Number of protein chains: 2
Amino acid sequence: MGRLTGGDPSLLRRINSAVVLDALRGAQTPTLTELVHSTGLSRPTVEGVIEGLTESDLVVEVGPEAGDTRKQGRPARRFRFHAEAGHLLGIEIGAHQVRVVLSDLSGQVLGSHGRDVDEAASADDRLDRVRGTVAELLRKAGVARSTLWAVGVGSPGIVEAHGEVRLGTALPGWTGLPLGERLQRSFRCPVLVENDANVAAVAEHWKGVAVGTDDVVFVLAGLSPGAGSLIGGRLHRGFGGAAGEIGALHLLGREVTPEHLLSTTGEPLHPLDEPAVERVFALAKQGDAQAKDAVERFLGRLVHDVAALVLAIDPELVVIGGWAAGLDGVLEPLRAELTRYCLRAPKVTLSALGQEAIATGALRLALDHVEQQLFAVEQTSMGRRWP
Amino acid sequence: MGRLTGGDPSLLRRINSAVVLDALRGAQTPTLTELVHSTGLSRPTVEGVIEGLTESDLVVEVGPEAGDTRKQGRPARRFRFHAEAGHLLGIEIGAHQVRVVLSDLSGQVLGSHGRDVDEAASADDRLDRVRGTVAELLRKAGVARSTLWAVGVGSPGIVEAHGEVRLGTALPGWTGLPLGERLQRSFRCPVLVENDANVAAVAEHWKGVAVGTDDVVFVLAGLSPGAGSLIGGRLHRGFGGAAGEIGALHLLGREVTPEHLLSTTGEPLHPLDEPAVERVFALAKQGDAQAKDAVERFLGRLVHDVAALVLAIDPELVVIGGWAAGLDGVLEPLRAELTRYCLRAPKVTLSALGQEAIATGALRLALDHVEQQLFAVEQTSMGRRWP
């Protein structure tokens with residue numbers, strides 16, 4: 001294809017910058033000549049772009065490699081993307097914990113930090129805990145807050161596109177909370193808020209069991225399960241951001257609640273009382289008949305909810321995450337039931353990222369945002385496209 | 001933005017042809033000057049393209065309009081897209097009927113024809129009925145088979161991308177049938193096969209109640225309901241083409257089958273016996289207590305299945321179609337239950353296309369295929385893109 005000619009020169013410069021940065025990211029430490037080849041741009045253009053990117057600290061020159069030939073006594077200059085020029089945060093705000101992951105601009109994780117939080121904590125206290133955990137992590141890593149380029153956040157509830165929690169029954173004071181706006185006060189960079197199951201799906205696709213699998217449902221198992229879906233590699237939020245909220249499904253049958261299902265005492269479990277849930281699973285493993293019944297009832301319900309999702313969406317892969325304990329018991333019944341009733345049963349597997357899934361997915365949101373700014377040149381079958 | 005320069009001249013010609021055809025379709029009967037303005041191409045380029053398109057019968061010159069000014073004694077020449085140069089078919093292959101719609105290349109419907117078919121007919125007999133119905137319609141409309149550019153087909157069952165029915169329990173001999181290949185023998189143009197609920201969703205988006213609504217679930221109600229979804233305006237087929245096959249959901253609860261639910265005699269209804277179903281709905285309307293119970297049980301099940309879909313996908317709109325009779329009774333309970341249990345209930349409405357939905361959607365598949373060939377130039381926010 002021909003190159004672009006004419007048009008807005010600053011736009012052209014921005015596109016050329018993105019092209020060169022993208023090529024720099026793809027190669028290790030290319031020379032100017034290698035960049036000219038990989039981008040198809042002229043040598044003077046690449047030189048100009050590299051100069052500009054070096055001034056804005058996004059590119060640094062690195063020393064020559066062992067085999068580099070010398071030209072007129074000097075080895076060819078080599079460059080790399082200066083990923084350390086900025087930083088990203090991924091934050092999980094959960095019922096029992098706050099977890100923060102820090103990375104450079106390439107998504108390379110530099111550290112993480114988690115803090116417990118009371119399930120009954122108010123929204124203000126929970127946000128204080130978030131701010132404290134962020135401050136501790138930044139201090140520990142020796143990273144200045146001013147170098148943050150984007151912050152991603154994963155939270156329970158239905159999150160509007162502008163960061164408000166439309167409905168969030170899992171955390172006190174969460175429904176109606178302008179979460180994005182509240183967190184924004186602590187950062188000068190963009191803050192992106194998303195549902196926890198949604199970011200967990202993104203995380204498994206980025207570096208978990210769903211790498212290379214573009215049609216994935218991630219089930220965040222719990223007494224009220226939620227789910228996030230990728231369709232064709234893209235997050236499916238739904239028209240109102242509520243896709244995958246299958247927790248309400250059992251209400252339709254007017255059947256007993258999950259809290260009752262998993263109870264061995266006749267009294268409902270507290271929906272957020274994970275230790276109590278773990279005790280029931282552990283008892284069932286030890287052969288306790290009442291606990292085994294409870295777990296079986298609970299798994300039957302989970303299987304039903306997941307099957308409804310699978311029939312609606314027809315994913316290639318279902319990833320089960322959420323509770324650390326007891327979930328391994330869900331795989332076999334799920335596989336068996338899905339094989340019986342789904343016309344083409346998807347693969348079913350446990351999350352590879354476990355307790356890190358939500359913070360990791362939140363980090364990926366932040367990374368997506370930055371990549372959109374830096375490398376906003378997509379490949380199409382016929383050439384490059386720019387948004 | 002600058003124009004393309006250099007590159008493959010035949011490709012450039014094809015792109016320019018698509019640009020001009022697209023502009024011709026958008027305007028009524030533009031002049032060359034108007035086409036030069038609307039395409040941004042040079043006058044000689046537009047003249048060359050128009051000449052080529054006229055030779056291939058895709059463009060015709062039309063007479064001057066009343067207000068046209070004359071240049072040197074001649075009015076400016078006007079052109080239009082010659083939609084009659086080719087034809088498209090949309091075919092529904094159902095349990096009880098075969099229905100065929102004929103259109104020109106712009107999708108303008110020129111005629112339709114339906115024939116009953118026995119629900120117990122073999123696959124061979126059903127395909128014979130399809131061929132007969134097509135032949136009758138073409139003859140009636142005076143259209144030569146050789147002018148067909150594409151044929152779309154909507155059929156029950158899970159349809160693979162290459163047109164084979166992987167699972168189709170609603171029609172005898174349907175599972176494993178290479179439907180696309182079998183129909184292909186009757187046509188020299190491409191034959192595109194798709195699930196019936198999927199094409200019905202496409203149809204409502206094209207010219208039914210979902211025009212302008214890009215996130216839609218179409219529920220093909222019946223004793224075993226199926227559904228088709230558009231997400232962001234695009235058909236969501238699922239990883240294996242099985243998305244929306246919610247009919248299997250009731251199996252999970254090991255509850256009674258829908259055929260039992262709607263029975264007033266204790267004996268199951270035949271899944272395809274629509275007259276029997278209509279009798280039950282009619283009896284319920286007349287106040288028959290047993291029939292009212294049966295309808296209530298049935299609607300409760302349908303509500304549950306649709307709610308599962310809605311929770312999984314979170315559409316803006318749910319369209320209920322399929323059975324002609326009794327479905328109006330499903331709207332109010334559906335709206336009430338979805339409002340109670342969904343976090344943001346979608347709008348719920350009846351199909352506007354009724355018995356024409358599937359054939360119309362199949363026609364749209366054929367039209368999409370042809371438009372991809374003729375006008376394969378999409379608009380992006382920054383300019384034109386080509387696949």
# chains A, B, ... in the order shown; residues from 1 in each chain; ligands from 1
>>> select_by_dssp(residues="range 139-344 of chain B", states="helix (DSSP H, G or I)", output="JSON, numbers by chain")
{"B": [139, 140, 141, 145, 146, 147, 179, 180, 181, 182, 183, 184, 196, 197, 198, 199, 200, 201, 202, 203, 204, 205, 206, 207, 246, 247, 248, 249, 250, 251, 252, 258, 259, 260, 261, 274, 275, 276, 277, 278, 279, 280, 281, 282, 283, 284, 285, 289, 290, 291, 292, 293, 294, 295, 296, 297, 298, 299, 300, 301, 302, 303, 304, 305, 306, 307, 308, 309, 310, 311, 312, 313, 328, 329, 330, 331, 332, 333, 334, 335, 336, 337, 338, 339, 340, 341]}
>>> residues_around(residues="range 54-66 of chain B", least_positions_apart="5", cutoff="6 Å", atoms="only C-alpha atoms", output="CSV table (one decimal) with N, CA, C and O atoms, in the first residue's frame")
chain,number,residue,atom,x,y,z
B,78,ARG,N,-27.1,12.0,-15.2
B,78,ARG,CA,-27.4,11.4,-13.9
B,78,ARG,C,-27.3,9.9,-13.9
B,78,ARG,O,-27.6,9.3,-15.0
B,79,PHE,N,-26.9,9.3,-12.8
B,79,PHE,CA,-26.7,7.9,-12.7
B,79,PHE,C,-27.4,7.3,-11.5
B,79,PHE,O,-27.6,8.0,-10.5
B,80,ARG,N,-27.6,6.0,-11.5
B,80,ARG,CA,-28.1,5.4,-10.3
B,80,ARG,C,-27.5,3.9,-10.3
B,80,ARG,O,-27.1,3.4,-11.3
B,81,PHE,N,-27.5,3.4,-9.1
B,81,PHE,CA,-27.1,2.0,-8.9
B,81,PHE,C,-28.2,1.1,-9.5
B,81,PHE,O,-29.3,1.3,-9.2
B,82,HIS,N,-27.7,0.2,-10.4
B,82,HIS,CA,-28.7,-0.6,-11.1
B,82,HIS,C,-29.0,-1.9,-10.3
B,82,HIS,O,-28.5,-3.0,-10.6
>>> atom_distance(atom1="CA of Leu127 in chain B", atom2="CA of Leu353 in chain B")
24.3 Å
>>> atom_distance(atom1="CA of Leu41 in chain A", atom2="CA of Gly86 in chain A")
26.8 Å
>>> closest_residue(among="B:Gln184, B:Gln355, B:Thr175, B:Gln373", to="chain A", atoms="only C-alpha atoms")
B:Thr175
>>> residues_around(residues="Leu311 in chain A", least_positions_apart="6", cutoff="6 Å", atoms="only C-alpha atoms", output="PyMOL selection string")
chain B and resi 243-246
>>> write_last_selection(atoms="C-alpha atoms", output="PDB file, in the first residue's frame")
ATOM      1  CA  ALA B 243     -24.942 -19.239  21.392  1.00  0.00           C
ATOM      2  CA  GLY B 244     -28.505 -18.764  22.592  1.00  0.00           C
ATOM      3  CA  GLU B 245     -29.509 -22.421  22.579  1.00  0.00           C
ATOM      4  CA  ILE B 246     -31.335 -21.998  25.864  1.00  0.00           C
TER       5      ILE B 246
END
>>> residues_around(residues="Leu338 in chain B", least_positions_apart="5", cutoff="8 Å", atoms="only C-alpha atoms", output="MDAnalysis selection string")
chainID B and resid 307 345:346
>>> write_last_selection(atoms="N, CA, C and O atoms", output="CSV table (one decimal), in the first residue's frame")
chain,number,residue,atom,x,y,z
B,307,ALA,N,-34.7,-14.8,31.2
B,307,ALA,CA,-33.9,-14.1,32.2
B,307,ALA,C,-32.5,-14.6,32.3
B,307,ALA,O,-31.6,-13.8,32.4
B,345,ALA,N,-33.4,-4.0,33.7
B,345,ALA,CA,-34.2,-4.8,32.9
B,345,ALA,C,-34.2,-4.2,31.4
B,345,ALA,O,-34.4,-3.0,31.3
B,346,PRO,N,-34.1,-5.1,30.4
B,346,PRO,CA,-34.2,-4.6,29.1
B,346,PRO,C,-35.6,-4.3,28.7
B,346,PRO,O,-36.6,-4.8,29.3
>>> closest_residue(among="B:Pro275, B:Val151, B:Glu181, B:Val211", to="His369 in chain B", atoms="only C-alpha atoms")
B:Val151
>>> select_by_dssp(residues="range 62-153 of chain A", states="strand (DSSP E)", output="short mmCIF file (atom, residue, chain, number, x, y, z; two decimals) with all heavy atoms, in the first residue's frame")
data_model
loop_
_atom_site.label_atom_id
_atom_site.label_comp_id
_atom_site.auth_asym_id
_atom_site.auth_seq_id
_atom_site.Cartn_x
_atom_site.Cartn_y
_atom_site.Cartn_z
N VAL A 62 20.75 2.60 24.04
CA VAL A 62 21.45 1.60 24.83
C VAL A 62 22.81 1.33 24.19
O VAL A 62 23.04 1.68 23.04
CB VAL A 62 20.64 0.28 24.92
CG1 VAL A 62 19.37 0.51 25.71
CG2 VAL A 62 20.33 -0.25 23.55
N ARG A 70 31.13 -1.98 13.32
CA ARG A 70 31.40 -0.57 13.50
C ARG A 70 31.36 0.14 12.16
O ARG A 70 31.82 -0.38 11.16
CB ARG A 70 32.77 -0.37 14.15
CG ARG A 70 32.76 -0.71 15.62
CD ARG A 70 34.15 -0.98 16.18
NE ARG A 70 34.04 -1.28 17.60
CZ ARG A 70 33.92 -0.34 18.55
NH1 ARG A 70 33.95 0.93 18.23
NH2 ARG A 70 33.79 -0.67 19.81
N LYS A 71 30.80 1.33 12.16
CA LYS A 71 30.79 2.16 10.96
C LYS A 71 31.65 3.37 11.26
O LYS A 71 31.34 4.09 12.22
CB LYS A 71 29.37 2.64 10.66
CG LYS A 71 28.61 1.76 9.70
CD LYS A 71 27.33 2.45 9.30
CE LYS A 71 26.46 1.51 8.46
NZ LYS A 71 25.11 2.07 8.31
N ARG A 74 32.48 3.88 14.79
CA ARG A 74 31.42 3.88 15.81
C ARG A 74 30.46 2.73 15.55
O ARG A 74 30.09 2.49 14.39
CB ARG A 74 30.59 5.18 15.72
CG ARG A 74 31.27 6.41 16.21
CD ARG A 74 30.25 7.54 16.35
NE ARG A 74 29.64 7.89 15.06
CZ ARG A 74 28.33 7.95 14.85
NH1 ARG A 74 27.47 7.67 15.83
NH2 ARG A 74 27.84 8.29 13.66
N PRO A 75 30.03 2.03 16.59
CA PRO A 75 28.97 1.04 16.35
C PRO A 75 27.64 1.75 16.10
O PRO A 75 27.45 2.89 16.54
CB PRO A 75 28.93 0.25 17.66
CG PRO A 75 29.46 1.18 18.70
CD PRO A 75 30.40 2.12 18.01
N ARG A 78 21.79 1.93 19.15
CA ARG A 78 20.64 1.06 19.44
C ARG A 78 19.71 1.76 20.42
O ARG A 78 20.15 2.54 21.26
CB ARG A 78 21.09 -0.27 20.03
CG ARG A 78 21.78 -1.16 19.03
CD ARG A 78 22.02 -2.56 19.58
NE ARG A 78 22.52 -3.40 18.52
CZ ARG A 78 21.75 -4.07 17.67
NH1 ARG A 78 20.43 -3.98 17.77
NH2 ARG A 78 22.27 -4.81 16.72
N PHE A 79 18.43 1.45 20.31
CA PHE A 79 17.42 2.13 21.14
C PHE A 79 16.48 1.11 21.74
O PHE A 79 16.33 0.00 21.26
CB PHE A 79 16.62 3.12 20.28
CG PHE A 79 17.50 4.15 19.63
CD1 PHE A 79 18.04 3.93 18.37
CD2 PHE A 79 17.82 5.33 20.31
CE1 PHE A 79 18.88 4.86 17.78
CE2 PHE A 79 18.65 6.26 19.72
CZ PHE A 79 19.18 6.03 18.45
N ARG A 80 15.84 1.54 22.83
CA ARG A 80 14.75 0.71 23.36
C ARG A 80 13.65 1.61 23.92
O ARG A 80 13.88 2.77 24.25
CB ARG A 80 15.25 -0.27 24.42
CG ARG A 80 15.66 0.38 25.73
CD ARG A 80 15.97 -0.71 26.78
NE ARG A 80 16.47 -0.09 28.00
CZ ARG A 80 15.68 0.38 28.97
NH1 ARG A 80 14.37 0.33 28.86
NH2 ARG A 80 16.21 0.92 30.06
N PHE A 81 12.46 1.04 24.00
CA PHE A 81 11.33 1.71 24.64
C PHE A 81 11.66 1.88 26.12
O PHE A 81 12.04 0.92 26.79
CB PHE A 81 10.07 0.85 24.46
CG PHE A 81 8.87 1.36 25.21
CD1 PHE A 81 8.52 2.70 25.17
CD2 PHE A 81 8.09 0.48 25.94
CE1 PHE A 81 7.40 3.16 25.87
CE2 PHE A 81 6.96 0.93 26.62
CZ PHE A 81 6.64 2.28 26.59
N HIS A 87 4.52 4.66 35.18
CA HIS A 87 4.06 3.49 35.94
C HIS A 87 2.55 3.38 35.89
O HIS A 87 1.84 4.36 35.62
CB HIS A 87 4.54 3.60 37.39
CG HIS A 87 6.03 3.56 37.52
ND1 HIS A 87 6.79 4.71 37.54
CD2 HIS A 87 6.89 2.52 37.58
CE1 HIS A 87 8.07 4.37 37.61
NE2 HIS A 87 8.16 3.06 37.65
N LEU A 88 2.08 2.17 36.17
CA LEU A 88 0.65 1.87 36.17
C LEU A 88 0.29 1.14 37.45
O LEU A 88 1.12 0.43 38.02
CB LEU A 88 0.31 0.94 34.99
CG LEU A 88 0.83 1.36 33.62
CD1 LEU A 88 0.60 0.24 32.61
CD2 LEU A 88 0.12 2.63 33.18
N LEU A 89 -0.96 1.32 37.88
CA LEU A 89 -1.46 0.56 39.04
C LEU A 89 -2.69 -0.24 38.64
O LEU A 89 -3.53 0.23 37.87
CB LEU A 89 -1.86 1.51 40.17
CG LEU A 89 -0.78 2.27 40.93
CD1 LEU A 89 -1.44 3.14 42.01
CD2 LEU A 89 0.22 1.30 41.57
N GLY A 90 -2.79 -1.44 39.19
CA GLY A 90 -4.02 -2.23 39.14
C GLY A 90 -4.49 -2.46 40.56
O GLY A 90 -3.70 -2.90 41.40
N ILE A 91 -5.74 -2.13 40.83
CA ILE A 91 -6.25 -2.18 42.21
C ILE A 91 -7.47 -3.08 42.29
O ILE A 91 -8.42 -2.91 41.51
CB ILE A 91 -6.64 -0.76 42.70
CG1 ILE A 91 -5.45 0.19 42.59
CG2 ILE A 91 -7.19 -0.81 44.12
CD1 ILE A 91 -5.79 1.63 43.02
N GLU A 92 -7.45 -4.03 43.20
CA GLU A 92 -8.66 -4.78 43.54
C GLU A 92 -9.24 -4.20 44.82
O GLU A 92 -8.54 -4.07 45.82
CB GLU A 92 -8.36 -6.26 43.76
CG GLU A 92 -9.60 -7.00 44.26
CD GLU A 92 -9.32 -8.42 44.77
OE1 GLU A 92 -8.15 -8.84 44.76
OE2 GLU A 92 -10.28 -9.08 45.21
N ILE A 93 -10.51 -3.86 44.78
CA ILE A 93 -11.22 -3.49 46.01
C ILE A 93 -12.21 -4.60 46.29
O ILE A 93 -13.23 -4.72 45.59
CB ILE A 93 -11.95 -2.14 45.87
CG1 ILE A 93 -10.99 -1.07 45.34
CG2 ILE A 93 -12.54 -1.72 47.21
CD1 ILE A 93 -11.64 0.29 45.17
N GLN A 97 -10.30 -7.86 51.14
CA GLN A 97 -8.94 -7.38 50.91
C GLN A 97 -8.90 -6.29 49.85
O GLN A 97 -9.80 -6.17 49.00
CB GLN A 97 -8.01 -8.53 50.49
CG GLN A 97 -8.21 -9.00 49.06
CD GLN A 97 -7.03 -9.78 48.50
OE1 GLN A 97 -5.99 -9.92 49.15
NE2 GLN A 97 -7.18 -10.29 47.29
N VAL A 98 -7.84 -5.50 49.98
CA VAL A 98 -7.49 -4.52 48.96
C VAL A 98 -6.13 -4.96 48.45
O VAL A 98 -5.25 -5.32 49.23
CB VAL A 98 -7.41 -3.11 49.58
CG1 VAL A 98 -6.62 -2.18 48.69
CG2 VAL A 98 -8.79 -2.57 49.85
N ARG A 99 -5.98 -4.99 47.13
CA ARG A 99 -4.72 -5.47 46.57
C ARG A 99 -4.31 -4.54 45.45
O ARG A 99 -5.15 -4.13 44.63
CB ARG A 99 -4.91 -6.90 46.05
CG ARG A 99 -3.69 -7.54 45.45
CD ARG A 99 -3.90 -9.02 45.29
NE ARG A 99 -3.86 -9.70 46.57
CZ ARG A 99 -2.72 -10.11 47.15
NH1 ARG A 99 -1.55 -9.93 46.55
NH2 ARG A 99 -2.75 -10.70 48.32
N VAL A 100 -3.04 -4.19 45.43
CA VAL A 100 -2.53 -3.24 44.45
C VAL A 100 -1.31 -3.84 43.75
O VAL A 100 -0.44 -4.39 44.41
CB VAL A 100 -2.15 -1.89 45.10
CG1 VAL A 100 -1.77 -0.87 44.03
CG2 VAL A 100 -3.30 -1.37 45.95
N VAL A 101 -1.27 -3.74 42.44
CA VAL A 101 -0.13 -4.20 41.65
C VAL A 101 0.44 -3.00 40.90
O VAL A 101 -0.32 -2.17 40.38
CB VAL A 101 -0.55 -5.27 40.61
CG1 VAL A 101 0.66 -5.85 39.92
CG2 VAL A 101 -1.35 -6.36 41.27
N LEU A 102 1.75 -2.91 40.87
CA LEU A 102 2.46 -1.80 40.23
C LEU A 102 3.26 -2.34 39.05
O LEU A 102 3.89 -3.39 39.16
CB LEU A 102 3.42 -1.16 41.25
CG LEU A 102 4.40 -0.11 40.74
CD1 LEU A 102 3.68 1.20 40.45
CD2 LEU A 102 5.52 0.11 41.75
N SER A 103 3.20 -1.63 37.93
CA SER A 103 4.02 -2.06 36.78
C SER A 103 4.63 -0.84 36.10
O SER A 103 4.24 0.30 36.36
CB SER A 103 3.16 -2.84 35.77
OG SER A 103 2.46 -1.94 34.93
N ASP A 104 5.56 -1.14 35.18
CA ASP A 104 6.07 -0.07 34.31
C ASP A 104 5.14 0.06 33.10
O ASP A 104 4.11 -0.60 33.03
CB ASP A 104 7.53 -0.33 33.92
CG ASP A 104 7.70 -1.57 33.06
OD1 ASP A 104 6.69 -2.05 32.48
OD2 ASP A 104 8.83 -2.07 32.94
N VAL A 109 5.47 -6.25 35.93
CA VAL A 109 5.10 -6.02 37.33
C VAL A 109 6.34 -5.74 38.17
O VAL A 109 7.33 -6.47 38.11
CB VAL A 109 4.32 -7.23 37.89
CG1 VAL A 109 4.11 -7.07 39.40
CG2 VAL A 109 2.97 -7.35 37.19
N LEU A 110 6.28 -4.65 38.94
CA LEU A 110 7.40 -4.25 39.77
C LEU A 110 7.16 -4.55 41.24
O LEU A 110 8.09 -4.54 42.04
CB LEU A 110 7.66 -2.74 39.61
CG LEU A 110 7.87 -2.26 38.16
CD1 LEU A 110 7.97 -0.75 38.11
CD2 LEU A 110 9.12 -2.91 37.57
N GLY A 111 5.92 -4.80 41.59
CA GLY A 111 5.63 -5.10 43.00
C GLY A 111 4.13 -5.16 43.21
O GLY A 111 3.35 -4.70 42.38
N SER A 112 3.75 -5.76 44.35
CA SER A 112 2.33 -5.78 44.69
C SER A 112 2.20 -5.76 46.21
O SER A 112 3.16 -6.07 46.93
CB SER A 112 1.63 -7.00 44.10
OG SER A 112 2.04 -8.17 44.78
N HIS A 113 1.03 -5.38 46.66
CA HIS A 113 0.84 -5.20 48.09
C HIS A 113 -0.64 -5.41 48.39
O HIS A 113 -1.50 -4.90 47.68
CB HIS A 113 1.26 -3.78 48.48
CG HIS A 113 1.29 -3.54 49.96
ND1 HIS A 113 1.76 -4.47 50.87
CD2 HIS A 113 0.89 -2.47 50.70
CE1 HIS A 113 1.67 -3.97 52.09
NE2 HIS A 113 1.13 -2.76 52.02
N GLY A 114 -0.94 -6.21 49.42
CA GLY A 114 -2.33 -6.45 49.79
C GLY A 114 -2.56 -6.09 51.25
O GLY A 114 -1.65 -6.17 52.08
N ARG A 115 -3.76 -5.65 51.57
CA ARG A 115 -4.13 -5.34 52.96
C ARG A 115 -5.53 -5.90 53.19
O ARG A 115 -6.39 -5.83 52.32
CB ARG A 115 -4.17 -3.82 53.17
CG ARG A 115 -2.81 -3.14 53.24
CD ARG A 115 -2.14 -3.21 54.60
NE ARG A 115 -2.94 -2.60 55.67
CZ ARG A 115 -2.96 -1.30 55.94
NH1 ARG A 115 -2.21 -0.45 55.26
NH2 ARG A 115 -3.72 -0.84 56.91
N ASP A 116 -5.72 -6.47 54.38
CA ASP A 116 -7.06 -6.93 54.74
C ASP A 116 -7.96 -5.73 54.99
O ASP A 116 -7.49 -4.66 55.37
CB ASP A 116 -7.02 -7.80 56.00
CG ASP A 116 -6.42 -9.17 55.69
OD1 ASP A 116 -6.37 -9.52 54.50
OD2 ASP A 116 -5.99 -9.85 56.65
N LEU A 148 2.80 8.06 37.68
CA LEU A 148 1.69 7.18 37.31
C LEU A 148 0.99 7.71 36.06
O LEU A 148 0.63 8.88 36.00
CB LEU A 148 0.69 7.07 38.47
CG LEU A 148 1.18 6.31 39.71
CD1 LEU A 148 0.14 6.39 40.83
CD2 LEU A 148 1.48 4.86 39.37
N TRP A 149 0.78 6.82 35.09
CA TRP A 149 0.12 7.21 33.84
C TRP A 149 -1.34 6.79 33.81
O TRP A 149 -2.14 7.38 33.09
CB TRP A 149 0.83 6.56 32.66
CG TRP A 149 2.08 7.25 32.25
CD1 TRP A 149 3.06 7.76 33.06
CD2 TRP A 149 2.50 7.51 30.91
NE1 TRP A 149 4.05 8.31 32.32
CE2 TRP A 149 3.74 8.17 30.99
CE3 TRP A 149 1.95 7.25 29.66
CZ2 TRP A 149 4.44 8.56 29.86
CZ3 TRP A 149 2.64 7.64 28.52
CH2 TRP A 149 3.87 8.30 28.63
N ALA A 150 -1.68 5.73 34.52
CA ALA A 150 -3.06 5.26 34.54
C ALA A 150 -3.24 4.29 35.69
O ALA A 150 -2.31 3.60 36.09
CB ALA A 150 -3.43 4.57 33.21
N VAL A 151 -4.48 4.27 36.21
CA VAL A 151 -4.83 3.39 37.32
C VAL A 151 -6.10 2.62 36.92
O VAL A 151 -7.10 3.23 36.55
CB VAL A 151 -5.10 4.20 38.61
CG1 VAL A 151 -5.59 3.29 39.73
CG2 VAL A 151 -3.85 4.97 39.04
N GLY A 152 -6.03 1.29 37.01
CA GLY A 152 -7.21 0.46 36.77
C GLY A 152 -7.72 -0.07 38.09
O GLY A 152 -6.94 -0.35 39.00
N VAL A 153 -9.04 -0.21 38.19
CA VAL A 153 -9.67 -0.66 39.44
C VAL A 153 -10.70 -1.73 39.12
O VAL A 153 -11.53 -1.56 38.22
CB VAL A 153 -10.37 0.52 40.15
CG1 VAL A 153 -11.03 0.06 41.45
CG2 VAL A 153 -9.39 1.66 40.41
#
>>> closest_residue(among="B:Glu278, B:Ala362, B:Ala227, B:Leu11", to="Val191 in chain B", atoms="only C-alpha atoms")
B:Ala362
>>> closest_residue(among="A:Glu164, A:Glu371, A:Asp215, A:Asp118", to="chain B", atoms="only C-alpha atoms")
A:Asp215
>>> residues_around(residues="Gly107 in chain A", least_positions_apart="6", cutoff="8 Å", atoms="only C-alpha atoms", output="VMD selection string")
chain A and resid 88 363 to 364 367
>>> write_last_selection(atoms="N, CA and C atoms", output="compact mmCIF listing (two decimals), in the first residue's frame")
# COMPACT_ATOMS: atom_id res chain seq x y z
N LEU A 88 2.08 2.17 36.17
CA LEU A 88 0.65 1.87 36.17
C LEU A 88 0.29 1.14 37.45
N LEU A 363 -4.85 -3.92 36.31
CA LEU A 363 -3.60 -3.39 35.74
C LEU A 363 -3.67 -3.42 34.22
N ARG A 364 -4.23 -4.50 33.67
CA ARG A 364 -4.33 -4.61 32.21
C ARG A 364 -5.22 -3.51 31.62
N LEU A 367 -3.04 -0.59 31.41
CA LEU A 367 -2.09 -0.79 30.32
C LEU A 367 -2.76 -0.58 28.96
>>> closest_residue(among="B:Gly157, B:Arg182, B:Ala210, B:Gln290", to="chain A", atoms="only C-alpha atoms")
B:Gly157
>>> closest_residue(among="A:Arg185, A:Arg77, A:Arg43, A:Arg166", to="chain B", atoms="only C-alpha atoms")
A:Arg166
>>> atom_distance(atom1="CA of Val310 in chain B", atom2="CA of Pro315 in chain A")
16.2 Å
>>> residues_around(residues="Glu160 in chain B", least_positions_apart="6", cutoff="12 Å", atoms="only C-alpha atoms", output="PyMOL selection string")
(chain A and resi 344) or (chain B and resi 166-168+175-181+192-195+237-243)
>>> write_last_selection(atoms="C-alpha atoms", output="compact mmCIF listing (two decimals), in the first residue's frame")
# COMPACT_ATOMS: atom_id res chain seq x y z
CA ARG A 344 -20.85 -28.30 22.45
CA ARG B 166 -24.20 -30.06 13.66
CA LEU B 167 -27.32 -30.65 15.72
CA GLY B 168 -30.88 -30.15 14.59
CA THR B 175 -28.42 -33.46 12.38
CA GLY B 176 -25.28 -33.93 10.30
CA LEU B 177 -26.95 -32.70 7.10
CA PRO B 178 -24.51 -30.77 4.86
CA LEU B 179 -27.27 -28.24 4.25
CA GLY B 180 -25.15 -25.59 2.54
CA GLU B 181 -23.59 -28.13 0.20
CA LEU B 192 -25.08 -18.92 3.29
CA VAL B 193 -26.73 -20.98 6.05
CA GLU B 194 -27.46 -19.72 9.55
CA ASN B 195 -29.52 -20.69 12.59
CA ARG B 237 -22.78 -16.85 16.92
CA GLY B 238 -20.69 -18.11 19.82
CA PHE B 239 -17.47 -20.06 19.61
CA GLY B 240 -19.21 -23.12 18.16
CA GLY B 241 -22.25 -21.44 16.62
CA ALA B 242 -24.41 -22.53 19.54
CA ALA B 243 -24.94 -19.24 21.39
